[in-house]
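Printed here is query_23.pdb (PDB, C-alpha atoms):
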```pdb
ATOM      1  CA  MET P   1     -91.110 -73.625  50.727
ATOM      2  CA  CYS P   2     -87.515 -72.997  51.657
ATOM      3  CA  ALA P   3     -86.547 -72.217  48.112
ATOM      4  CA  GLU P   4     -89.367 -69.712  47.806
ATOM      5  CA  THR P   5     -88.181 -67.930  50.932
ATOM      6  CA  ASN P   6     -84.634 -67.765  49.605
ATOM      7  CA  VAL P   7     -85.753 -66.392  46.282
ATOM      8  CA  LYS P   8     -87.832 -63.744  48.009
ATOM      9  CA  GLN P   9     -84.958 -62.662  50.247
ATOM     10  CA  SER P  10     -82.590 -62.517  47.323
ATOM     11  CA  THR P  11     -85.021 -60.357  45.357
ATOM     12  CA  GLU P  12     -85.480 -58.038  48.310
ATOM     13  CA  VAL P  13     -81.723 -57.566  48.657
ATOM     14  CA  THR P  14     -81.424 -56.778  44.959
ATOM     15  CA  VAL P  15     -84.319 -54.295  45.046
ATOM     16  CA  ASN P  16     -82.874 -52.658  48.151
ATOM     17  CA  LEU P  17     -79.442 -52.328  46.541
ATOM     18  CA  ALA P  18     -80.928 -50.947  43.324
ATOM     19  CA  GLU P  19     -82.922 -48.340  45.250
ATOM     20  CA  ARG P  20     -79.906 -47.382  47.364
ATOM     21  CA  SER P  21     -77.867 -47.078  44.204
ATOM     22  CA  VAL P  22     -80.405 -44.706  42.629
ATOM     23  CA  THR P  23     -80.741 -42.607  45.772
ATOM     24  CA  TYR P  24     -76.995 -42.452  46.362
ATOM     25  CA  VAL P  25     -76.163 -41.373  42.821
ATOM     26  CA  SER P  26     -79.013 -38.849  42.826
ATOM     27  CA  ASN P  27     -77.756 -37.327  46.095
ATOM     28  CA  THR P  28     -74.150 -37.192  44.881
ATOM     29  CA  VAL P  29     -75.318 -35.279  41.806
ATOM     30  CA  PHE P  30     -76.949 -32.761  44.176
ATOM     31  CA  GLN P  31     -73.758 -32.634  46.220
ATOM     32  CA  LEU P  32     -71.682 -31.774  43.163
ATOM     33  CA  LEU P  33     -74.265 -29.310  41.839
ATOM     34  CA  PHE P  34     -74.103 -27.421  45.130
ATOM     35  CA  ARG P  35     -70.286 -27.417  45.008
ATOM     36  CA  ILE P  36     -70.202 -26.230  41.401
ATOM     37  CA  THR P  37     -72.694 -23.404  41.884
ATOM     38  CA  HIS P  38     -70.940 -22.279  45.046
ATOM     39  CA  ARG P  39     -67.437 -22.352  43.546
ATOM     40  CA  ARG P  40     -68.584 -20.664  40.342
ATOM     41  CA  GLY P  41     -70.357 -17.881  42.217
ATOM     42  CA  LEU P  42     -73.806 -18.919  40.981
ATOM     43  CA  ARG P  43     -76.934 -18.752  43.100
ATOM     44  CA  SER P  44     -77.857 -22.110  44.570
ATOM     45  CA  ALA P  45     -81.468 -20.960  44.897
ATOM     46  CA  HIS P  46     -82.513 -22.659  41.633
ATOM     47  CA  ILE P  47     -81.483 -26.009  43.035
ATOM     48  CA  THR P  48     -83.046 -25.338  46.415
ATOM     49  CA  GLU P  49     -86.324 -24.051  45.031
ATOM     50  CA  ASP P  50     -86.677 -26.827  42.458
ATOM     51  CA  ARG P  51     -85.249 -29.572  44.662
ATOM     52  CA  GLU P  52     -88.383 -31.707  44.521
ATOM     53  CA  ILE P  53     -88.676 -31.460  40.736
ATOM     54  CA  ILE P  54     -84.983 -32.217  40.191
ATOM     55  CA  GLU P  55     -85.023 -35.059  42.704
ATOM     56  CA  ASN P  56     -88.169 -36.597  41.202
ATOM     57  CA  GLY P  57     -86.642 -36.455  37.729
ATOM     58  CA  LEU P  58     -83.328 -37.965  38.733
ATOM     59  CA  PHE P  59     -84.937 -40.640  40.888
ATOM     60  CA  THR P  60     -87.511 -41.632  38.262
ATOM     61  CA  TRP P  61     -85.109 -41.792  35.329
ATOM     62  CA  LEU P  62     -82.233 -43.397  37.233
ATOM     63  CA  SER P  63     -84.675 -46.025  38.542
ATOM     64  CA  GLU P  64     -85.880 -46.918  35.054
ATOM     65  CA  GLN P  65     -82.326 -46.501  33.700
ATOM     66  CA  THR P  66     -83.426 -44.001  31.063
ATOM     67  CA  LEU P  67     -81.319 -41.072  32.252
ATOM     68  CA  LEU P  68     -78.403 -40.709  29.869
ATOM     69  CA  ARG P  69     -77.027 -37.375  31.001
ATOM     70  CA  ALA P  70     -77.797 -34.277  33.068
ATOM     71  CA  CYS P  71     -76.085 -30.971  32.321
ATOM     72  CA  LEU P  72     -75.698 -27.782  34.235
ATOM     73  CA  GLU P  73     -75.528 -25.139  31.514
ATOM     74  CA  VAL P  74     -74.112 -21.750  32.480
ATOM     75  CA  PHE P  75     -75.034 -18.853  30.218
ATOM     76  CA  LEU P  76     -75.624 -15.125  30.123
ATOM     77  CA  PRO P  77     -79.309 -14.163  30.070
ATOM     78  CA  GLY P  78     -80.328 -13.263  26.515
ATOM     79  CA  ASP P  79     -77.437 -15.200  24.982
ATOM     80  CA  ASN P  80     -78.062 -18.628  23.495
ATOM     81  CA  LYS P  81     -74.464 -19.802  23.867
ATOM     82  CA  VAL P  82     -73.271 -21.704  26.879
ATOM     83  CA  LEU P  83     -70.263 -20.361  28.803
ATOM     84  CA  GLU P  84     -69.733 -23.584  30.676
ATOM     85  CA  GLN P  85     -71.275 -26.999  30.655
ATOM     86  CA  TRP P  86     -70.985 -29.492  33.520
ATOM     87  CA  GLU P  87     -72.144 -32.817  32.178
ATOM     88  CA  PHE P  88     -73.078 -35.830  34.293
ATOM     89  CA  ARG P  89     -73.277 -39.119  32.381
ATOM     90  CA  PHE P  90     -74.758 -42.295  33.766
ATOM     91  CA  ASN P  91     -73.816 -45.869  33.102
ATOM     92  CA  TYR P  92     -75.938 -48.846  34.126
ATOM     93  CA  THR P  93     -74.618 -52.329  34.703
ATOM     94  CA  SER P  94     -76.201 -55.572  35.757
ATOM     95  CA  GLY P  95     -75.289 -57.227  39.024
ATOM     96  CA  HIS P  96     -73.979 -55.530  42.134
ATOM     97  CA  GLY P  97     -71.335 -53.286  40.578
ATOM     98  CA  ASP P  98     -67.806 -52.675  41.803
ATOM     99  CA  GLY P  99     -68.566 -51.428  45.302
ATOM    100  CA  THR P 100     -68.636 -47.847  46.476
ATOM    101  CA  LYS P 101     -66.813 -45.119  44.607
ATOM    102  CA  TYR P 102     -67.039 -41.642  46.067
ATOM    103  CA  PRO P 103     -67.774 -38.499  44.030
ATOM    104  CA  PRO P 104     -64.748 -36.376  43.049
ATOM    105  CA  VAL P 105     -65.443 -33.518  45.462
ATOM    106  CA  ALA P 106     -61.839 -32.545  46.244
ATOM    107  CA  GLU P 107     -60.822 -32.851  42.595
ATOM    108  CA  LEU P 108     -63.732 -30.636  41.599
ATOM    109  CA  GLU P 109     -62.910 -28.009  44.228
ATOM    110  CA  GLU P 110     -59.290 -27.853  43.079
ATOM    111  CA  PHE P 111     -60.312 -27.553  39.447
ATOM    112  CA  CYS P 112     -62.858 -24.796  40.155
ATOM    113  CA  ALA P 113     -60.191 -22.815  42.018
ATOM    114  CA  ARG P 114     -58.204 -22.652  38.767
ATOM    115  CA  LEU P 115     -61.086 -21.401  36.615
ATOM    116  CA  ARG P 116     -61.617 -17.764  35.750
ATOM    117  CA  SER P 117     -64.551 -16.094  37.475
ATOM    118  CA  LEU P 118     -67.857 -16.024  35.657
ATOM    119  CA  PRO P 119     -69.569 -12.737  34.792
ATOM    120  CA  GLN P 120     -71.839 -11.622  37.620
ATOM    121  CA  ARG P 121     -74.904 -11.874  35.388
ATOM    122  CA  ALA P 122     -74.252 -15.544  34.645
ATOM    123  CA  ASP P 123     -77.188 -17.842  35.238
ATOM    124  CA  TYR P 124     -77.721 -21.565  34.777
ATOM    125  CA  ARG P 125     -80.257 -24.269  34.082
ATOM    126  CA  ILE P 126     -80.302 -28.038  34.348
ATOM    127  CA  VAL P 127     -81.023 -30.015  31.198
ATOM    128  CA  THR P 128     -81.337 -33.786  30.967
ATOM    129  CA  GLN P 129     -81.335 -36.264  28.124
ATOM    130  CA  THR P 130     -83.313 -39.455  28.528
ATOM    131  CA  SER P 131     -83.716 -42.468  26.287
ATOM    132  CA  PRO P 132     -87.026 -43.104  24.452
ATOM    133  CA  GLY P 133     -89.813 -44.335  26.675
ATOM    134  CA  ALA P 134     -88.726 -42.353  29.736
ATOM    135  CA  THR P 135     -91.562 -41.418  32.075
ATOM    136  CA  GLU P 136     -92.683 -37.795  31.907
ATOM    137  CA  VAL P 137     -91.979 -36.043  35.187
ATOM    138  CA  PRO P 138     -93.981 -32.945  36.195
ATOM    139  CA  GLY P 139     -91.936 -29.735  36.205
ATOM    140  CA  TRP P 140     -89.664 -30.800  33.339
ATOM    141  CA  GLU P 141     -90.291 -29.517  29.830
ATOM    142  CA  LEU P 142     -88.883 -30.295  26.403
ATOM    143  CA  THR P 143     -85.900 -28.230  25.341
ATOM    144  CA  GLU P 144     -82.623 -28.500  23.438
ATOM    145  CA  PHE P 145     -79.057 -28.307  24.601
ATOM    146  CA  ARG P 146     -77.511 -24.920  23.920
ATOM    147  CA  PRO P 147     -74.400 -24.672  21.734
ATOM    148  CA  ILE P 148     -71.016 -24.215  23.363
ATOM    149  CA  ASP P 149     -67.676 -22.860  22.119
ATOM    150  CA  ARG P 150     -65.460 -25.393  23.770
ATOM    151  CA  SER P 151     -61.883 -24.389  24.463
ATOM    152  CA  GLN P 152     -61.096 -26.781  27.283
ATOM    153  CA  SER P 153     -62.564 -29.837  28.897
ATOM    154  CA  GLN P 154     -61.869 -31.784  32.033
ATOM    155  CA  GLU P 155     -63.111 -35.199  33.002
ATOM    156  CA  PHE P 156     -63.327 -36.117  36.663
ATOM    157  CA  GLN P 157     -62.978 -39.495  38.291
ATOM    158  CA  ALA P 158     -66.036 -41.729  37.983
ATOM    159  CA  TRP P 159     -68.077 -42.643  41.018
ATOM    160  CA  GLY P 160     -71.078 -44.777  41.855
ATOM    161  CA  TYR P 161     -72.674 -47.452  43.940
ATOM    162  CA  GLY P 162     -74.381 -50.695  43.026
ATOM    163  CA  ASN P 163     -75.329 -50.849  39.390
ATOM    164  CA  ILE P 164     -74.990 -47.137  38.517
ATOM    165  CA  THR P 165     -71.773 -45.326  37.686
ATOM    166  CA  ALA P 166     -71.574 -41.596  36.993
ATOM    167  CA  THR P 167     -68.987 -39.347  35.402
ATOM    168  CA  LEU P 168     -68.654 -35.576  35.348
ATOM    169  CA  THR P 169     -67.116 -33.609  32.491
ATOM    170  CA  PHE P 170     -66.500 -29.879  32.355
ATOM    171  CA  ARG P 171     -66.508 -28.020  29.060
ATOM    172  CA  GLY P 172     -65.934 -24.316  28.757
ATOM    173  CA  GLY P 173     -63.555 -21.470  28.224
TER     174      GLY P 173
ATOM    175  CA  MET J   1     -71.304 -35.664  80.658
ATOM    176  CA  THR J   2     -72.442 -38.596  78.517
ATOM    177  CA  LEU J   3     -72.938 -38.238  74.803
ATOM    178  CA  LEU J   4     -74.642 -41.209  73.196
ATOM    179  CA  GLN J   5     -73.186 -41.604  69.691
ATOM    180  CA  LYS J   6     -75.094 -42.881  66.689
ATOM    181  CA  GLN J   7     -74.640 -42.802  62.940
ATOM    182  CA  ILE J   8     -77.065 -42.594  60.039
ATOM    183  CA  SER J   9     -76.498 -42.783  56.312
ATOM    184  CA  THR J  10     -77.651 -39.648  54.528
ATOM    185  CA  PHE J  11     -76.975 -40.243  50.845
ATOM    186  CA  THR J  12     -79.075 -43.409  50.724
ATOM    187  CA  LYS J  13     -82.185 -41.465  51.695
ATOM    188  CA  ARG J  14     -84.440 -39.308  49.604
ATOM    189  CA  SER J  15     -85.134 -35.912  51.164
ATOM    190  CA  ILE J  16     -88.566 -36.885  52.465
ATOM    191  CA  GLU J  17     -87.146 -40.020  54.081
ATOM    192  CA  TRP J  18     -84.247 -38.105  55.617
ATOM    193  CA  THR J  19     -86.460 -35.407  57.116
ATOM    194  CA  GLY J  20     -88.794 -38.109  58.482
ATOM    195  CA  THR J  21     -85.893 -39.920  60.126
ATOM    196  CA  LEU J  22     -84.542 -36.805  61.791
ATOM    197  CA  GLU J  23     -87.982 -35.694  62.904
ATOM    198  CA  ARG J  24     -88.498 -39.090  64.567
ATOM    199  CA  ILE J  25     -85.164 -38.713  66.393
ATOM    200  CA  LEU J  26     -86.085 -35.215  67.601
ATOM    201  CA  ARG J  27     -89.464 -36.449  68.856
ATOM    202  CA  GLU J  28     -87.921 -39.381  70.706
ATOM    203  CA  PHE J  29     -85.313 -37.157  72.310
ATOM    204  CA  LEU J  30     -87.902 -34.602  73.427
ATOM    205  CA  THR J  31     -90.152 -37.323  74.829
ATOM    206  CA  THR J  32     -87.300 -38.950  76.746
ATOM    207  CA  ALA J  33     -86.080 -35.607  78.072
ATOM    208  CA  GLU J  34     -89.677 -34.650  78.937
ATOM    209  CA  ILE J  35     -89.218 -31.162  77.576
ATOM    210  CA  LYS J  36     -92.559 -29.503  76.973
ATOM    211  CA  LEU J  37     -92.714 -27.149  74.007
ATOM    212  CA  SER J  38     -95.475 -24.807  72.966
ATOM    213  CA  GLU J  39     -97.160 -25.411  69.608
ATOM    214  CA  VAL J  40     -95.160 -22.591  68.016
ATOM    215  CA  GLU J  41     -91.890 -23.981  69.370
ATOM    216  CA  GLN J  42     -92.781 -27.435  68.098
ATOM    217  CA  ASP J  43     -93.571 -26.088  64.630
ATOM    218  CA  ARG J  44     -90.206 -24.336  64.545
ATOM    219  CA  LEU J  45     -88.340 -27.365  65.788
ATOM    220  CA  TYR J  46     -89.941 -29.779  63.347
ATOM    221  CA  SER J  47     -89.292 -27.446  60.416
ATOM    222  CA  LEU J  48     -85.582 -27.824  61.149
ATOM    223  CA  PRO J  49     -84.987 -31.139  59.289
ATOM    224  CA  ARG J  50     -86.495 -29.812  56.066
ATOM    225  CA  SER J  51     -84.593 -26.533  56.428
ATOM    226  CA  MET J  52     -81.374 -28.541  56.707
ATOM    227  CA  MET J  53     -81.768 -30.338  53.376
ATOM    228  CA  ASP J  54     -79.373 -28.066  51.440
ATOM    229  CA  LEU J  55     -76.693 -28.735  54.021
ATOM    230  CA  VAL J  56     -77.374 -32.460  53.910
ATOM    231  CA  GLN J  57     -77.329 -32.802  50.139
ATOM    232  CA  SER J  58     -74.271 -30.584  49.752
ATOM    233  CA  GLY J  59     -72.489 -32.925  52.169
ATOM    234  CA  VAL J  60     -71.428 -30.194  54.594
ATOM    235  CA  LEU J  61     -73.493 -31.372  57.544
ATOM    236  CA  TYR J  62     -71.226 -33.615  59.581
ATOM    237  CA  GLY J  63     -73.696 -34.322  62.325
ATOM    238  CA  ILE J  64     -76.029 -33.018  64.975
ATOM    239  CA  GLU J  65     -75.836 -32.951  68.766
ATOM    240  CA  LEU J  66     -78.913 -32.830  70.939
ATOM    241  CA  LYS J  67     -78.220 -31.870  74.532
ATOM    242  CA  ALA J  68     -80.449 -31.506  77.551
ATOM    243  CA  GLY J  69     -79.140 -31.276  81.081
ATOM    244  CA  GLY J  70     -75.805 -32.977  81.437
ATOM    245  CA  ASP J  71     -76.124 -35.574  78.692
ATOM    246  CA  GLY J  72     -77.105 -35.846  75.097
ATOM    247  CA  LEU J  73     -77.009 -37.530  71.742
ATOM    248  CA  ARG J  74     -74.632 -37.099  68.819
ATOM    249  CA  ILE J  75     -75.686 -38.372  65.424
ATOM    250  CA  GLU J  76     -73.121 -38.381  62.665
ATOM    251  CA  PHE J  77     -74.396 -38.175  59.095
ATOM    252  CA  SER J  78     -72.335 -40.533  57.010
ATOM    253  CA  LEU J  79     -72.000 -40.093  53.251
ATOM    254  CA  ASP J  80     -70.980 -43.743  52.981
ATOM    255  CA  PRO J  81     -73.809 -45.742  51.352
ATOM    256  CA  ASP J  82     -72.693 -48.942  53.077
ATOM    257  CA  ILE J  83     -73.408 -47.585  56.563
ATOM    258  CA  GLU J  84     -76.524 -48.948  58.240
ATOM    259  CA  ASP J  85     -78.589 -46.588  60.372
ATOM    260  CA  GLU J  86     -78.290 -46.834  64.141
ATOM    261  CA  LEU J  87     -81.690 -45.680  65.251
ATOM    262  CA  ASP J  88     -82.112 -47.498  68.547
ATOM    263  CA  LEU J  89     -82.200 -44.648  71.058
ATOM    264  CA  SER J  90     -83.387 -46.706  74.025
ATOM    265  CA  MET J  91     -80.090 -46.015  75.850
ATOM    266  CA  LEU J  92     -81.180 -42.381  76.101
ATOM    267  CA  ARG J  93     -83.320 -43.413  79.066
ATOM    268  CA  LEU J  94     -80.147 -44.017  81.043
ATOM    269  CA  CYS J  95     -78.878 -40.482  80.365
ATOM    270  CA  ASP J  96     -79.389 -37.445  82.539
ATOM    271  CA  LEU J  97     -81.589 -35.327  80.308
ATOM    272  CA  SER J  98     -83.292 -33.331  83.026
ATOM    273  CA  ALA J  99     -83.488 -29.818  81.665
ATOM    274  CA  GLU J 100     -85.916 -27.165  80.622
ATOM    275  CA  ARG J 101     -84.145 -26.489  77.361
ATOM    276  CA  LEU J 102     -82.995 -28.458  74.351
ATOM    277  CA  GLU J 103     -79.693 -27.447  72.772
ATOM    278  CA  ILE J 104     -79.189 -28.406  69.139
ATOM    279  CA  GLU J 105     -75.715 -28.092  67.684
ATOM    280  CA  LEU J 106     -75.273 -28.512  63.956
ATOM    281  CA  LEU J 107     -71.775 -29.717  63.130
ATOM    282  CA  ILE J 108     -70.552 -28.254  59.847
ATOM    283  CA  ARG J 109     -67.482 -29.269  57.872
ATOM    284  CA  ASN J 110     -67.351 -26.492  55.263
ATOM    285  CA  PRO J 111     -68.486 -23.241  56.899
ATOM    286  CA  GLU J 112     -68.009 -21.170  53.747
ATOM    287  CA  LEU J 113     -70.285 -23.362  51.654
ATOM    288  CA  ALA J 114     -72.689 -23.827  54.560
ATOM    289  CA  ARG J 115     -72.946 -20.081  54.937
ATOM    290  CA  SER J 116     -73.670 -19.628  51.244
ATOM    291  CA  LEU J 117     -76.513 -22.112  51.644
ATOM    292  CA  GLY J 118     -78.034 -20.027  54.426
ATOM    293  CA  ALA J 119     -76.921 -22.172  57.362
ATOM    294  CA  GLU J 120     -76.984 -19.229  59.721
ATOM    295  CA  MET J 121     -80.703 -18.782  59.147
ATOM    296  CA  LEU J 122     -81.232 -22.093  60.935
ATOM    297  CA  THR J 123     -80.307 -20.439  64.221
ATOM    298  CA  GLU J 124     -83.412 -18.297  63.777
ATOM    299  CA  LEU J 125     -85.427 -21.415  64.535
ATOM    300  CA  SER J 126     -84.277 -21.073  68.139
ATOM    301  CA  SER J 127     -86.922 -20.334  70.738
ATOM    302  CA  GLU J 128     -87.116 -19.980  74.507
ATOM    303  CA  LYS J 129     -86.701 -23.715  75.046
ATOM    304  CA  VAL J 130     -84.789 -24.725  71.929
ATOM    305  CA  ILE J 131     -81.386 -23.258  71.096
ATOM    306  CA  VAL J 132     -79.987 -23.980  67.623
ATOM    307  CA  SER J 133     -76.333 -23.192  66.997
ATOM    308  CA  LEU J 134     -73.684 -23.969  64.391
ATOM    309  CA  TYR J 135     -70.245 -25.411  64.976
ATOM    310  CA  SER J 136     -67.386 -25.960  62.589
ATOM    311  CA  VAL J 137     -65.781 -29.392  62.880
ATOM    312  CA  GLU J 138     -62.818 -28.106  60.862
ATOM    313  CA  LYS J 139     -62.119 -25.518  63.533
ATOM    314  CA  SER J 140     -62.133 -27.949  66.447
ATOM    315  CA  LEU J 141     -65.825 -27.481  67.068
ATOM    316  CA  ALA J 142     -65.536 -23.705  67.385
ATOM    317  CA  PRO J 143     -68.756 -21.751  67.049
ATOM    318  CA  PHE J 144     -69.314 -20.176  63.653
ATOM    319  CA  PRO J 145     -67.259 -16.982  63.584
ATOM    320  CA  PRO J 146     -68.876 -13.678  62.669
ATOM    321  CA  LEU J 147     -68.150 -12.102  59.291
ATOM    322  CA  ASP J 148     -66.151  -8.877  59.098
ATOM    323  CA  THR J 149     -67.261  -5.962  56.960
ATOM    324  CA  ASN J 150     -65.598  -7.492  53.889
ATOM    325  CA  GLY J 151     -67.477 -10.745  54.287
ATOM    326  CA  HIS J 152     -64.461 -12.659  55.597
ATOM    327  CA  GLU J 153     -64.553 -14.917  58.612
ATOM    328  CA  GLN J 154     -63.025 -13.559  61.792
ATOM    329  CA  TYR J 155     -61.397 -16.356  63.719
ATOM    330  CA  SER J 156     -59.629 -15.636  66.934
ATOM    331  CA  GLN J 157     -56.204 -17.197  67.368
ATOM    332  CA  ASP J 158     -57.628 -19.720  69.814
ATOM    333  CA  ASN J 159     -60.060 -21.087  67.264
ATOM    334  CA  GLU J 160     -57.503 -21.855  64.583
ATOM    335  CA  GLU J 161     -56.377 -25.417  64.066
ATOM    336  CA  HIS J 162     -52.667 -25.911  64.483
TER     337      HIS J 162
END
```
Would you mind writing the file's structure down as structure tokens?
Amino acid sequence: MCAETNVKQSTEVTVNLAERSVTYVSNTVFQLLFRITHRRGLRSAHITEDREIIENGLFTWLSEQTLLRACLEVFLPGDNKVLEQWEFRFNYTSGHGDGTKYPPVAELEEFCARLRSLPQRADYRIVTQTSPGATEVPGWELTEFRPIDRSQSQEFQAWGYGNITATLTFRGG
Amino acid sequence: MTLLQKQISTFTKRSIEWTGTLERILREFLTTAEIKLSEVEQDRLYSLPRSMMDLVQSGVLYGIELKAGGDGLRIEFSLDPDIEDELDLSMLRLCDLSAERLEIELLIRNPELARSLGAEMLTELSSEKVIVSLYSVEKSLAPFPPLDTNGHEQYSQDNEEH
């Protein structure tokens, strides 16, 4: 009887941590997306208007550990090439992870301040790559990553909580 | 003046959970303060949490203060996932909340980003009995300054941090 209770409590703690981990990482991705769009002079309306769709996708795929990467692709309308790509990659571990690591907000802000301004017409979209077997989430459709002429890249400090770690890499001109 | 201080974790909540938590806090505060709102005022007030989601997820919302009469409640929104919510507001009953109006102050830590996310539109949710205003924690809790004709903030000397 006692053992059963202990097992149940232990499972609950693990489930709670896993869910917190998913929610935390999902929210930090939003946090950085808002910072990037603001600093790059892009409209944040896409994120705001599609918040539920983006959140459902991130939450579903992070929960089932099928989300490999999510990219914010910046492009000029009518042009297939990407001007900038901000790539989030996700790493899943077993156990409780290495504690809390905060997203690289200050580092990102400093880096964005050094970038050249984007053309006013620049727009963006969010593209994800999942592993086979990922659940289909309404609002997301199949597509391909757009090509990019990469002249510089910058990797930011990793962050995460619980069993999920994330990294952000910038590629662009 | 007494300001009851509490803390809740924001980044460990999905948007629907966060808006539900804040709505519950607003309801409890209104009930304790016995402020009667019309249906229209209630609708406006309870649309506030959802309207704040951009500010929450961008991490610029430092906290919220609810004031009625002499006393009130300050809730800080922590981005730390290890923080546990402090949602026991029973101490509010010991506060002097006798007032006709509820004042809501949104505490912002990055006014420029907050502005780009439409923070100032939240003040339009004010009504006769509910006043919503924005304060910058980076400017020693100064009210949001107006923009000049070039879109730059106009701070008076007194509002600058030294």
- Which residue, P:Glu109, P:Glu84, P:Glu144, P:Asp79, has the smallest gap to chain J when you use all atoms listed in the file?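 Checking each of P:Glu109, P:Glu84, P:Glu144, P:Asp79 against chain J, counting all atoms listed in the file, the winner is P:Glu109.
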Counting all atoms listed in the file, which residues of region 40-120 of chain P sit at most 6 Å from some atom of region 150-166 of chain P, and what is each one's closest atom pair with its distance in Å to one decimal, listed by chain and rising residue number, as a Markdown table?
```
| residue | atom | partner | partner_atom | distance |
| --- | --- | --- | --- | --- |
| P:Arg89 | CA | P:Ala166 | CA | 5.5 |
| P:Phe90 | CA | P:Ala166 | CA | 4.6 |
| P:Asn91 | CA | P:Thr165 | CA | 5.0 |
| P:Tyr92 | CA | P:Ile164 | CA | 4.8 |
| P:Thr93 | CA | P:Asn163 | CA | 5.0 |
| P:His96 | CA | P:Gly162 | CA | 4.9 |
| P:Gly97 | CA | P:Gly162 | CA | 4.7 |
| P:Gly99 | CA | P:Tyr161 | CA | 5.9 |
| P:Thr100 | CA | P:Tyr161 | CA | 4.8 |
| P:Lys101 | CA | P:Trp159 | CA | 4.5 |
| P:Tyr102 | CA | P:Trp159 | CA | 5.3 |
| P:Pro103 | CA | P:Trp159 | CA | 5.1 |
| P:Pro104 | CA | P:Gln157 | CA | 6.0 |
```
- Task: Give me the result of the PyMOL selection byres ((chain J) within 8 of (chain P)) on this file, residue by residue, as an MDAnalysis selection string.
- Result: chainID J and resid 11:14 54 57:59 81:82 113 116:117
Would you write out those residues with C-alpha atoms, as a CSV table (one decimal), in the frame of the given file?
```csv
chain,number,residue,atom,x,y,z
J,11,PHE,CA,-77.0,-40.2,50.8
J,12,THR,CA,-79.1,-43.4,50.7
J,13,LYS,CA,-82.2,-41.5,51.7
J,14,ARG,CA,-84.4,-39.3,49.6
J,54,ASP,CA,-79.4,-28.1,51.4
J,57,GLN,CA,-77.3,-32.8,50.1
J,58,SER,CA,-74.3,-30.6,49.8
J,59,GLY,CA,-72.5,-32.9,52.2
J,81,PRO,CA,-73.8,-45.7,51.4
J,82,ASP,CA,-72.7,-48.9,53.1
J,113,LEU,CA,-70.3,-23.4,51.7
J,116,SER,CA,-73.7,-19.6,51.2
J,117,LEU,CA,-76.5,-22.1,51.6
```
- Point-to-point distance in Å for CA of Arg24 (chain J) and CA of Lys36 (chain J):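 CA of Arg24 (chain J) lies 16.2 Å from CA of Lys36 (chain J).
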- Message: Which residues are close to Leu3 (chain J), i.e. within 10 Å by only C-alpha atoms, leaving aside same-chain residues fewer than 2 positions away? Reply as JSON, numbers by chain.
- Response: {"J": [1, 5, 6, 65, 66, 67, 70, 71, 72, 73, 74, 75, 92, 95]}
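Going from CA of Glu87 (chain P) to CA of Arg115 (chain J) covers 26.1 Å.
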- So which residues touch Thr143 (chain P) within 10 Å, counting only C-alpha atoms, skipping near sequence neighbours fewer than 5 positions away, as a list in words? Val127, Thr128 and Gln129 of chain P
Create the file for the chosen residues now, containing C-alpha atoms and written as a PDB file, keeping the file's coordinate frame.
```pdb
ATOM      1  CA  VAL P 127     -81.023 -30.015  31.198  1.00  0.00           C
ATOM      2  CA  THR P 128     -81.337 -33.786  30.967  1.00  0.00           C
ATOM      3  CA  GLN P 129     -81.335 -36.264  28.124  1.00  0.00           C
TER       4      GLN P 129
END
```
- Of the residues J:Gly20, J:Pro111, J:Pro49, J:Gly69, which is the one nearest to Val137 (chain J), using all atoms listed in the file?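 Closest to Val137 (chain J) of all the choices is J:Pro111.
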- Query: At what distance in Å, to one decimal, does CA of Val82 (chain P) lie from CA of Thr66 (chain P)?
  - Reply: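 Atom-to-atom, CA of Thr66 (chain P) and CA of Val82 (chain P) are spaced 24.9 Å apart.
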Please check which residues have atoms at most 9 Å from (-83.5, -40.1, 60.2) in the file's coordinates, counting only C-alpha atoms, and write them as an mmCIF file with C-alpha atoms, in the frame of the given file.
```cif
data_model
loop_
_atom_site.group_PDB
_atom_site.id
_atom_site.type_symbol
_atom_site.label_atom_id
_atom_site.label_comp_id
_atom_site.auth_asym_id
_atom_site.auth_seq_id
_atom_site.Cartn_x
_atom_site.Cartn_y
_atom_site.Cartn_z
ATOM 1 C CA ILE J 8 -77.065 -42.594 60.039
ATOM 2 C CA SER J 9 -76.498 -42.783 56.312
ATOM 3 C CA THR J 10 -77.651 -39.648 54.528
ATOM 4 C CA LYS J 13 -82.185 -41.465 51.695
ATOM 5 C CA GLU J 17 -87.146 -40.020 54.081
ATOM 6 C CA TRP J 18 -84.247 -38.105 55.617
ATOM 7 C CA THR J 19 -86.460 -35.407 57.116
ATOM 8 C CA GLY J 20 -88.794 -38.109 58.482
ATOM 9 C CA THR J 21 -85.893 -39.920 60.126
ATOM 10 C CA LEU J 22 -84.542 -36.805 61.791
ATOM 11 C CA GLU J 23 -87.982 -35.694 62.904
ATOM 12 C CA ARG J 24 -88.498 -39.090 64.567
ATOM 13 C CA ILE J 25 -85.164 -38.713 66.393
ATOM 14 C CA ASP J 85 -78.589 -46.588 60.372
ATOM 15 C CA LEU J 87 -81.690 -45.680 65.251
#
```
- Task: Using all atoms listed in the file, pick whichever of P:Gly173, P:Gly133, P:Pro147, P:Pro119 has the shortest atom-to-atom distance to Lys81 (chain P).
- Result: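 For Lys81 (chain P), the nearest of the given residues is P:Pro147.
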- Message: For Met121 (chain J), find every residue with an atom within 12 Å (counting only C-alpha atoms), except residues of its own chain fewer than 5 positions away, and show them as number ranges by chain.
- Response: J: 48, 51-52, 55, 114-116, 126, 132-134
- Out of P:Asn16, P:Thr130, P:Thr135, P:Gln120, which residue has the shortest atom-to-atom distance to Val74 (chain P) when counting only C-alpha atoms?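 Of P:Asn16, P:Thr130, P:Thr135, P:Gln120, the one nearest Val74 (chain P), counting only C-alpha atoms, is P:Gln120.
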Region 86-90 of chain P written out with C-alpha atoms as a short mmCIF file (atom, residue, chain, number, x, y, z; two decimals), in the first residue's frame:
```cif
data_model
loop_
_atom_site.label_atom_id
_atom_site.label_comp_id
_atom_site.auth_asym_id
_atom_site.auth_seq_id
_atom_site.Cartn_x
_atom_site.Cartn_y
_atom_site.Cartn_z
CA TRP P 86 16.32 32.09 -36.78
CA GLU P 87 16.44 28.42 -35.93
CA PHE P 88 15.36 26.90 -32.62
CA ARG P 89 16.56 23.33 -32.04
CA PHE P 90 15.30 21.08 -29.29
#
```
